[in-house]
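Report on one structure; see the data block that follows.
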Amino acid sequence: MVDAGERGKSGMMQNAIEIRGLVKTYAGGRHGPEKRALGGVDLTIPRGAVFGLLGPNGAGKSTLINILAGLVVKTAGQVTIWGFDQDRNPRQSRAAIGVMPQELNLDPFFTPREALEVQAGLYGVPKAQRRSDEILRLVGLEDKAEAYARTLSGGMRRRLLLAKALVHHPQVLVLDEPTAGVDIELRQMLWENVRRLNARGMTIILTTHYLEEAEEMCDEIAIINEGALVVRDSTARLLSRLDGKTMIIHPEQPPGRLPQGPGLTVTQRADATIAIAYRAGETPAESVLEAVRAAGIRIRDVRTEQADLQDVFLELTRRRAG
Ligand code: ADP
Ligand code: MG
């Protein structure tokens, strides 16, 4: 169906997306004061990647994605999609990207097949090149092709939104919080689709609140906070970058006092264990154990936890805020 790797190739261009100095200020009005949602973001997303855009609520993720999709007009900056400048080549840049939006905005009077045909018409896909049945099958909606959208469950609507994003065979697929509030089955189906499309050469950009998902799915990750890029790196490097570890001590008896020492963050947990966070690069495990013994604690059991993306995320967004 999709020949994403080959189409629209223009010379040396290696990136799927290039964003420079992107600013978005929402005009103030009845709903509140002026809001600067993006304060000058530079971001490059390579072709073929599964790229995660993370950040807390209100960080500006949807704003960035909706600018890529042509749904929100940027205030300043330059956006290039698959080598096409959004301002100079609006038609080509729009054709290169498909977006599954965060909101379930579907026309309730169209059947899934009709919705895909209308979308294909909007994107000027010739009848002979339309693949509605194939796309409906891909997202598992072939049985519902003729059902009215208003009779579809939330999960089915989401699948239809994914199908709509695919009708014009874009090289870049953007998913805005695709798994927020969906059940496990649909979540797995979505990720299976993402993997399959990516294996065929499609570049995938997604936002998610579920950091384990980003960790599992994404080759590279950018974190934005308050409209600014905080970090952008490969998932592996991002995780190794913070060498934070936590040692979990299960004491023989409730401790009289907690261990302490430079570089140790100690908390007593509700399950009677003591969690000691430290940096493996700065503090050897042996000094952590010494601090435990110095507090008169006899260890019944001990294990360690690695930092995960959640920790990286908290650390980076906290550091910025502080
Ligand atoms: P995210 O998707 O990361 O949660 P958004 O891009 O939706 O963040 O929002 C970024 C900021 O811009 C938030 O403060 C939000 O309230 C504001 N915002 C988003 N859309 C609009 C709009 N249409 N008008 C005014 N402010 C908006
Ligand atoms: Mg959002």
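How things are named: the first chain in the structure tokens is A, the next is B, and so on; residues count from 1 in each chain; ligands count from 1 in the order shown.
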
If we count only C-alpha atoms and set the cut-off at 9 Å, which residues sit around A:Gly60, ignoring sequence neighbours fewer than 3 positions away in its own chain? Please answer as a VMD selection string.
chain A and resid 37 to 38 55 to 57 63 to 65 224 to 228

Save the residues we just selected, all heavy atoms, as a PDB file, in the first residue's frame?
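Okay, this is what ended up in again.pdb:
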```
ATOM      1  N   ALA A  37       2.585  29.287  23.294  1.00  0.00           N
ATOM      2  CA  ALA A  37       2.613  27.831  23.461  1.00  0.00           C
ATOM      3  C   ALA A  37       3.946  27.238  23.024  1.00  0.00           C
ATOM      4  O   ALA A  37       4.376  26.205  23.548  1.00  0.00           O
ATOM      5  CB  ALA A  37       1.469  27.187  22.679  1.00  0.00           C
ATOM      6  N   LEU A  38       4.611  27.875  22.041  1.00  0.00           N
ATOM      7  CA  LEU A  38       5.930  27.424  21.612  1.00  0.00           C
ATOM      8  C   LEU A  38       6.842  28.637  21.533  1.00  0.00           C
ATOM      9  O   LEU A  38       6.505  29.635  20.889  1.00  0.00           O
ATOM     10  CB  LEU A  38       5.861  26.731  20.241  1.00  0.00           C
ATOM     11  CG  LEU A  38       5.063  25.433  20.151  1.00  0.00           C
ATOM     12  CD1 LEU A  38       4.950  24.975  18.699  1.00  0.00           C
ATOM     13  CD2 LEU A  38       5.693  24.327  21.000  1.00  0.00           C
ATOM     14  N   GLY A  55       6.235  15.255  26.974  1.00  0.00           N
ATOM     15  CA  GLY A  55       6.189  16.473  27.767  1.00  0.00           C
ATOM     16  C   GLY A  55       4.908  16.500  28.563  1.00  0.00           C
ATOM     17  O   GLY A  55       3.925  15.858  28.180  1.00  0.00           O
ATOM     18  N   PRO A  56       4.913  17.236  29.674  1.00  0.00           N
ATOM     19  CA  PRO A  56       3.718  17.265  30.516  1.00  0.00           C
ATOM     20  C   PRO A  56       2.551  17.959  29.806  1.00  0.00           C
ATOM     21  O   PRO A  56       2.734  18.568  28.760  1.00  0.00           O
ATOM     22  CB  PRO A  56       4.164  18.062  31.744  1.00  0.00           C
ATOM     23  CG  PRO A  56       5.361  18.836  31.304  1.00  0.00           C
ATOM     24  CD  PRO A  56       6.004  18.051  30.203  1.00  0.00           C
ATOM     25  N   ASN A  57       1.397  17.850  30.407  1.00  0.00           N
ATOM     26  CA  ASN A  57       0.218  18.514  29.875  1.00  0.00           C
ATOM     27  C   ASN A  57       0.466  19.998  29.664  1.00  0.00           C
ATOM     28  O   ASN A  57       1.024  20.660  30.531  1.00  0.00           O
ATOM     29  CB  ASN A  57      -0.935  18.360  30.873  1.00  0.00           C
ATOM     30  CG  ASN A  57      -2.004  17.465  30.305  1.00  0.00           C
ATOM     31  OD1 ASN A  57      -2.200  17.431  29.077  1.00  0.00           O
ATOM     32  ND2 ASN A  57      -2.672  16.751  31.168  1.00  0.00           N
ATOM     33  N   THR A  63       0.172  21.516  19.917  1.00  0.00           N
ATOM     34  CA  THR A  63       0.383  22.721  19.112  1.00  0.00           C
ATOM     35  C   THR A  63       1.419  22.445  18.027  1.00  0.00           C
ATOM     36  O   THR A  63       1.197  22.736  16.846  1.00  0.00           O
ATOM     37  CB  THR A  63       0.852  23.883  20.014  1.00  0.00           C
ATOM     38  OG1 THR A  63      -0.170  24.158  20.975  1.00  0.00           O
ATOM     39  CG2 THR A  63       1.130  25.136  19.192  1.00  0.00           C
ATOM     40  N   LEU A  64       2.526  21.837  18.414  1.00  0.00           N
ATOM     41  CA  LEU A  64       3.583  21.532  17.443  1.00  0.00           C
ATOM     42  C   LEU A  64       3.059  20.596  16.357  1.00  0.00           C
ATOM     43  O   LEU A  64       3.248  20.833  15.162  1.00  0.00           O
ATOM     44  CB  LEU A  64       4.776  20.917  18.179  1.00  0.00           C
ATOM     45  CG  LEU A  64       6.072  20.784  17.379  1.00  0.00           C
ATOM     46  CD1 LEU A  64       7.274  20.882  18.305  1.00  0.00           C
ATOM     47  CD2 LEU A  64       6.132  19.480  16.613  1.00  0.00           C
ATOM     48  N   ILE A  65       2.358  19.561  16.781  1.00  0.00           N
ATOM     49  CA  ILE A  65       1.841  18.574  15.836  1.00  0.00           C
ATOM     50  C   ILE A  65       0.788  19.192  14.918  1.00  0.00           C
ATOM     51  O   ILE A  65       0.765  18.934  13.716  1.00  0.00           O
ATOM     52  CB  ILE A  65       1.283  17.376  16.627  1.00  0.00           C
ATOM     53  CG1 ILE A  65       2.449  16.460  16.967  1.00  0.00           C
ATOM     54  CG2 ILE A  65       0.203  16.653  15.865  1.00  0.00           C
ATOM     55  CD1 ILE A  65       2.088  15.342  17.863  1.00  0.00           C
ATOM     56  N   ILE A 224       9.589  18.203  25.464  1.00  0.00           N
ATOM     57  CA  ILE A 224       9.365  19.639  25.537  1.00  0.00           C
ATOM     58  C   ILE A 224       8.616  19.973  26.819  1.00  0.00           C
ATOM     59  O   ILE A 224       7.878  19.160  27.374  1.00  0.00           O
ATOM     60  CB  ILE A 224       8.637  20.231  24.299  1.00  0.00           C
ATOM     61  CG1 ILE A 224       7.234  19.656  24.127  1.00  0.00           C
ATOM     62  CG2 ILE A 224       9.441  20.023  23.041  1.00  0.00           C
ATOM     63  CD1 ILE A 224       6.464  20.378  23.022  1.00  0.00           C
ATOM     64  N   ASN A 225       8.888  21.177  27.293  1.00  0.00           N
ATOM     65  CA  ASN A 225       8.268  21.647  28.525  1.00  0.00           C
ATOM     66  C   ASN A 225       8.062  23.143  28.380  1.00  0.00           C
ATOM     67  O   ASN A 225       8.975  23.853  27.973  1.00  0.00           O
ATOM     68  CB  ASN A 225       9.170  21.333  29.728  1.00  0.00           C
ATOM     69  CG  ASN A 225       8.475  21.566  31.047  1.00  0.00           C
ATOM     70  OD1 ASN A 225       7.261  21.379  31.153  1.00  0.00           O
ATOM     71  ND2 ASN A 225       9.237  21.965  32.040  1.00  0.00           N
ATOM     72  N   GLU A 226       6.870  23.590  28.676  1.00  0.00           N
ATOM     73  CA  GLU A 226       6.554  25.022  28.569  1.00  0.00           C
ATOM     74  C   GLU A 226       7.013  25.616  27.242  1.00  0.00           C
ATOM     75  O   GLU A 226       7.605  26.690  27.200  1.00  0.00           O
ATOM     76  CB  GLU A 226       7.160  25.779  29.754  1.00  0.00           C
ATOM     77  CG  GLU A 226       6.482  25.382  31.060  1.00  0.00           C
ATOM     78  CD  GLU A 226       7.125  26.026  32.279  1.00  0.00           C
ATOM     79  OE1 GLU A 226       8.046  26.844  32.112  1.00  0.00           O
ATOM     80  OE2 GLU A 226       6.684  25.709  33.393  1.00  0.00           O
ATOM     81  N   GLY A 227       6.746  24.888  26.179  1.00  0.00           N
ATOM     82  CA  GLY A 227       7.009  25.417  24.845  1.00  0.00           C
ATOM     83  C   GLY A 227       8.453  25.449  24.429  1.00  0.00           C
ATOM     84  O   GLY A 227       8.790  26.045  23.403  1.00  0.00           O
ATOM     85  N   ALA A 228       9.336  24.801  25.207  1.00  0.00           N
ATOM     86  CA  ALA A 228      10.759  24.791  24.859  1.00  0.00           C
ATOM     87  C   ALA A 228      11.267  23.354  24.820  1.00  0.00           C
ATOM     88  O   ALA A 228      10.830  22.505  25.604  1.00  0.00           O
ATOM     89  CB  ALA A 228      11.565  25.594  25.876  1.00  0.00           C
TER      90      ALA A 228
END
```

From the DSSP assignment of the backbone, select every residue of stretch 170-240 of chain A that is strand (DSSP E), and format the answer as an mmCIF file with N, CA, C and O atoms, in the first residue's frame.
```
data_model
loop_
_atom_site.group_PDB
_atom_site.id
_atom_site.type_symbol
_atom_site.label_atom_id
_atom_site.label_comp_id
_atom_site.auth_asym_id
_atom_site.auth_seq_id
_atom_site.Cartn_x
_atom_site.Cartn_y
_atom_site.Cartn_z
ATOM 1 N N VAL A 172 5.048 10.483 6.381
ATOM 2 C CA VAL A 172 5.174 10.711 7.821
ATOM 3 C C VAL A 172 3.795 10.565 8.468
ATOM 4 O O VAL A 172 2.826 11.174 8.015
ATOM 5 N N LEU A 173 3.729 9.732 9.494
ATOM 6 C CA LEU A 173 2.472 9.558 10.220
ATOM 7 C C LEU A 173 2.644 10.104 11.630
ATOM 8 O O LEU A 173 3.594 9.757 12.324
ATOM 9 N N VAL A 174 1.732 10.979 12.026
ATOM 10 C CA VAL A 174 1.822 11.584 13.357
ATOM 11 C C VAL A 174 0.627 11.143 14.189
ATOM 12 O O VAL A 174 -0.513 11.232 13.745
ATOM 13 N N LEU A 175 0.907 10.655 15.379
ATOM 14 C CA LEU A 175 -0.149 10.170 16.267
ATOM 15 C C LEU A 175 -0.099 10.989 17.551
ATOM 16 O O LEU A 175 0.898 10.955 18.273
ATOM 17 N N ASP A 176 -1.165 11.731 17.815
ATOM 18 C CA ASP A 176 -1.182 12.570 19.016
ATOM 19 C C ASP A 176 -1.924 11.845 20.129
ATOM 20 O O ASP A 176 -3.145 11.694 20.066
ATOM 21 N N THR A 203 7.841 7.050 8.430
ATOM 22 C CA THR A 203 8.361 7.733 9.618
ATOM 23 C C THR A 203 7.182 7.975 10.556
ATOM 24 O O THR A 203 6.130 8.435 10.131
ATOM 25 N N ILE A 204 7.372 7.663 11.831
ATOM 26 C CA ILE A 204 6.279 7.794 12.794
ATOM 27 C C ILE A 204 6.672 8.802 13.876
ATOM 28 O O ILE A 204 7.771 8.719 14.435
ATOM 29 N N ILE A 205 5.777 9.729 14.156
ATOM 30 C CA ILE A 205 5.987 10.657 15.264
ATOM 31 C C ILE A 205 4.797 10.490 16.199
ATOM 32 O O ILE A 205 3.657 10.514 15.739
ATOM 33 N N LEU A 206 5.073 10.282 17.474
ATOM 34 C CA LEU A 206 3.945 10.115 18.377
ATOM 35 C C LEU A 206 4.174 10.859 19.683
ATOM 36 O O LEU A 206 5.296 11.102 20.093
ATOM 37 N N THR A 207 3.064 11.256 20.269
ATOM 38 C CA THR A 207 3.147 11.792 21.625
ATOM 39 C C THR A 207 2.441 10.796 22.526
ATOM 40 O O THR A 207 1.516 10.118 22.102
ATOM 41 N N GLU A 220 14.022 7.488 19.039
ATOM 42 C CA GLU A 220 14.526 8.773 19.513
ATOM 43 C C GLU A 220 13.403 9.527 20.196
ATOM 44 O O GLU A 220 12.233 9.331 19.888
ATOM 45 N N ILE A 221 13.806 10.402 21.099
ATOM 46 C CA ILE A 221 12.822 11.093 21.917
ATOM 47 C C ILE A 221 13.194 12.564 22.057
ATOM 48 O O ILE A 221 14.371 12.902 22.201
ATOM 49 N N ALA A 222 12.185 13.409 21.974
ATOM 50 C CA ALA A 222 12.365 14.811 22.346
ATOM 51 C C ALA A 222 11.410 15.094 23.490
ATOM 52 O O ALA A 222 10.278 14.616 23.493
ATOM 53 N N ILE A 223 11.891 15.842 24.465
ATOM 54 C CA ILE A 223 11.017 16.252 25.565
ATOM 55 C C ILE A 223 10.839 17.752 25.479
ATOM 56 O O ILE A 223 11.829 18.497 25.376
ATOM 57 N N ILE A 224 9.589 18.203 25.464
ATOM 58 C CA ILE A 224 9.365 19.639 25.537
ATOM 59 C C ILE A 224 8.616 19.973 26.819
ATOM 60 O O ILE A 224 7.878 19.160 27.374
ATOM 61 N N ASN A 225 8.888 21.177 27.293
ATOM 62 C CA ASN A 225 8.268 21.647 28.525
ATOM 63 C C ASN A 225 8.062 23.143 28.380
ATOM 64 O O ASN A 225 8.975 23.853 27.973
ATOM 65 N N ALA A 228 9.336 24.801 25.207
ATOM 66 C CA ALA A 228 10.759 24.791 24.859
ATOM 67 C C ALA A 228 11.267 23.354 24.820
ATOM 68 O O ALA A 228 10.830 22.505 25.604
ATOM 69 N N LEU A 229 12.192 23.099 23.904
ATOM 70 C CA LEU A 229 12.807 21.784 23.824
ATOM 71 C C LEU A 229 13.756 21.610 25.008
ATOM 72 O O LEU A 229 14.647 22.421 25.222
ATOM 73 N N VAL A 230 13.553 20.568 25.775
ATOM 74 C CA VAL A 230 14.393 20.318 26.943
ATOM 75 C C VAL A 230 15.540 19.383 26.580
ATOM 76 O O VAL A 230 16.677 19.578 26.978
ATOM 77 N N VAL A 231 15.220 18.362 25.814
ATOM 78 C CA VAL A 231 16.245 17.398 25.435
ATOM 79 C C VAL A 231 15.790 16.642 24.202
ATOM 80 O O VAL A 231 14.595 16.505 23.933
ATOM 81 N N ARG A 232 16.762 16.200 23.411
ATOM 82 C CA ARG A 232 16.453 15.372 22.256
ATOM 83 C C ARG A 232 17.609 14.412 22.087
ATOM 84 O O ARG A 232 18.748 14.822 21.961
ATOM 85 N N ASP A 233 17.309 13.121 22.120
ATOM 86 C CA ASP A 233 18.389 12.140 22.076
ATOM 87 C C ASP A 233 17.811 10.777 21.713
ATOM 88 O O ASP A 233 16.593 10.600 21.668
ATOM 89 N N SER A 234 18.699 9.818 21.474
ATOM 90 C CA SER A 234 18.206 8.461 21.264
ATOM 91 C C SER A 234 17.664 7.964 22.603
ATOM 92 O O SER A 234 18.132 8.379 23.663
#
```

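Counting only C-alpha atoms, the residue from A:Thr246, A:Thr267, A:Gly77, A:Pro255 that sits nearest to A:Val302 is A:Thr246.
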
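Closest to A:Arg157 among A:Met217, A:Val79, A:Leu104, A:Ala275 is A:Leu104, based on only C-alpha atoms.
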
As a PyMOL selection string, please: the residues near A:Ile249 (cut-off 12 Å, only C-alpha atoms, same-chain neighbours under 6 positions excluded).
chain A and resi 255+258-259+266-269+271-277+288-289+291-293+297-305

Go ahead and save the picked residues with N, CA, C and O atoms, as a compact mmCIF listing (two decimals), in the first residue's frame.
```txt
# COMPACT_ATOMS: atom_id res chain seq x y z
N PRO A 255 13.75 0.30 61.24
CA PRO A 255 14.98 1.01 61.60
C PRO A 255 14.73 2.12 62.61
O PRO A 255 13.68 2.76 62.60
N LEU A 258 17.27 6.48 59.75
CA LEU A 258 17.51 6.20 58.34
C LEU A 258 18.96 6.45 57.98
O LEU A 258 19.62 7.29 58.58
N PRO A 259 19.47 5.70 57.01
CA PRO A 259 20.84 5.94 56.56
C PRO A 259 20.96 7.34 55.97
O PRO A 259 19.98 7.88 55.48
N VAL A 266 17.16 9.42 50.67
CA VAL A 266 16.62 8.26 51.38
C VAL A 266 15.14 8.48 51.69
O VAL A 266 14.75 9.53 52.22
N THR A 267 14.33 7.49 51.37
CA THR A 267 12.91 7.56 51.73
C THR A 267 12.46 6.22 52.28
O THR A 267 12.92 5.17 51.85
N GLN A 268 11.59 6.31 53.27
CA GLN A 268 11.02 5.09 53.83
C GLN A 268 9.71 4.83 53.10
O GLN A 268 8.86 5.72 52.99
N ARG A 269 9.54 3.61 52.61
CA ARG A 269 8.34 3.31 51.84
C ARG A 269 7.29 2.64 52.71
O ARG A 269 7.60 2.06 53.76
N ASP A 271 5.80 -0.04 52.37
CA ASP A 271 5.94 -1.49 52.53
C ASP A 271 7.11 -1.85 53.46
O ASP A 271 7.62 -2.97 53.43
N ALA A 272 7.56 -0.89 54.29
CA ALA A 272 8.61 -1.10 55.29
C ALA A 272 10.01 -1.23 54.67
O ALA A 272 10.96 -1.59 55.36
N THR A 273 10.14 -0.95 53.40
CA THR A 273 11.47 -0.94 52.80
C THR A 273 12.01 0.49 52.81
O THR A 273 11.27 1.45 53.01
N ILE A 274 13.33 0.58 52.62
CA ILE A 274 13.98 1.89 52.54
C ILE A 274 14.55 2.04 51.14
O ILE A 274 15.26 1.16 50.65
N ALA A 275 14.18 3.13 50.49
CA ALA A 275 14.66 3.37 49.13
C ALA A 275 15.77 4.41 49.18
O ALA A 275 15.59 5.49 49.73
N ILE A 276 16.91 4.06 48.63
CA ILE A 276 18.05 4.99 48.61
C ILE A 276 18.43 5.27 47.17
O ILE A 276 18.93 4.39 46.46
N ALA A 277 18.15 6.49 46.74
CA ALA A 277 18.50 6.87 45.37
C ALA A 277 19.90 7.46 45.36
O ALA A 277 20.27 8.21 46.26
N VAL A 288 26.91 2.99 49.71
CA VAL A 288 25.49 2.99 50.09
C VAL A 288 25.27 1.96 51.18
O VAL A 288 24.63 2.23 52.21
N LEU A 289 25.86 0.78 50.98
CA LEU A 289 25.70 -0.29 51.98
C LEU A 289 26.34 0.11 53.31
O LEU A 289 25.80 -0.18 54.38
N ALA A 291 26.55 3.11 54.51
CA ALA A 291 25.64 4.06 55.16
C ALA A 291 24.50 3.31 55.84
O ALA A 291 24.02 3.70 56.91
N VAL A 292 24.07 2.21 55.21
CA VAL A 292 22.98 1.42 55.79
C VAL A 292 23.45 0.78 57.09
O VAL A 292 22.79 0.85 58.13
N ARG A 293 24.65 0.18 57.07
CA ARG A 293 25.19 -0.47 58.27
C ARG A 293 25.46 0.57 59.37
O ARG A 293 25.18 0.32 60.55
N ILE A 297 21.34 -0.75 60.66
CA ILE A 297 20.30 -1.55 59.99
C ILE A 297 20.89 -2.86 59.50
O ILE A 297 21.94 -2.89 58.85
N ARG A 298 20.20 -3.95 59.86
CA ARG A 298 20.62 -5.25 59.32
C ARG A 298 19.75 -5.58 58.12
O ARG A 298 18.53 -5.45 58.16
N ILE A 299 20.42 -5.98 57.05
CA ILE A 299 19.73 -6.14 55.77
C ILE A 299 19.20 -7.55 55.61
O ILE A 299 19.96 -8.52 55.68
N ARG A 300 17.88 -7.67 55.43
CA ARG A 300 17.33 -8.99 55.14
C ARG A 300 17.40 -9.27 53.64
O ARG A 300 17.69 -10.37 53.21
N ASP A 301 17.13 -8.20 52.88
CA ASP A 301 17.11 -8.38 51.42
C ASP A 301 17.45 -7.05 50.77
O ASP A 301 17.23 -5.99 51.36
N VAL A 302 18.00 -7.10 49.57
CA VAL A 302 18.34 -5.87 48.87
C VAL A 302 18.19 -6.07 47.37
O VAL A 302 18.44 -7.16 46.84
N ARG A 303 17.70 -5.04 46.71
CA ARG A 303 17.67 -5.07 45.24
C ARG A 303 17.87 -3.66 44.73
O ARG A 303 17.77 -2.69 45.50
N THR A 304 18.15 -3.52 43.44
CA THR A 304 18.31 -2.17 42.88
C THR A 304 17.35 -1.96 41.71
O THR A 304 16.95 -2.91 41.04
N GLU A 305 16.98 -0.71 41.52
CA GLU A 305 16.15 -0.32 40.39
C GLU A 305 16.92 0.68 39.54
O GLU A 305 17.57 1.58 40.07
```

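Distance annotation: of A:Ala16, A:Val118, A:Arg30, A:Gly39, the residue with the minimal separation from A:Gly83 is A:Ala16; atom set is only C-alpha atoms.
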
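Take atom CA of A:Tyr148 and atom CA of A:Asn105: the distance between them is 14.2 Å.
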
I'd like the contact shell of stretch 235-241 of chain A - 12 Å cut-off, only C-alpha atoms, skipping same-chain residues fewer than 5 positions apart - returned as an NGL selection string.
:A and (49-54 or 211-223 or 230 or 279-281 or 306-313 or 315-316)
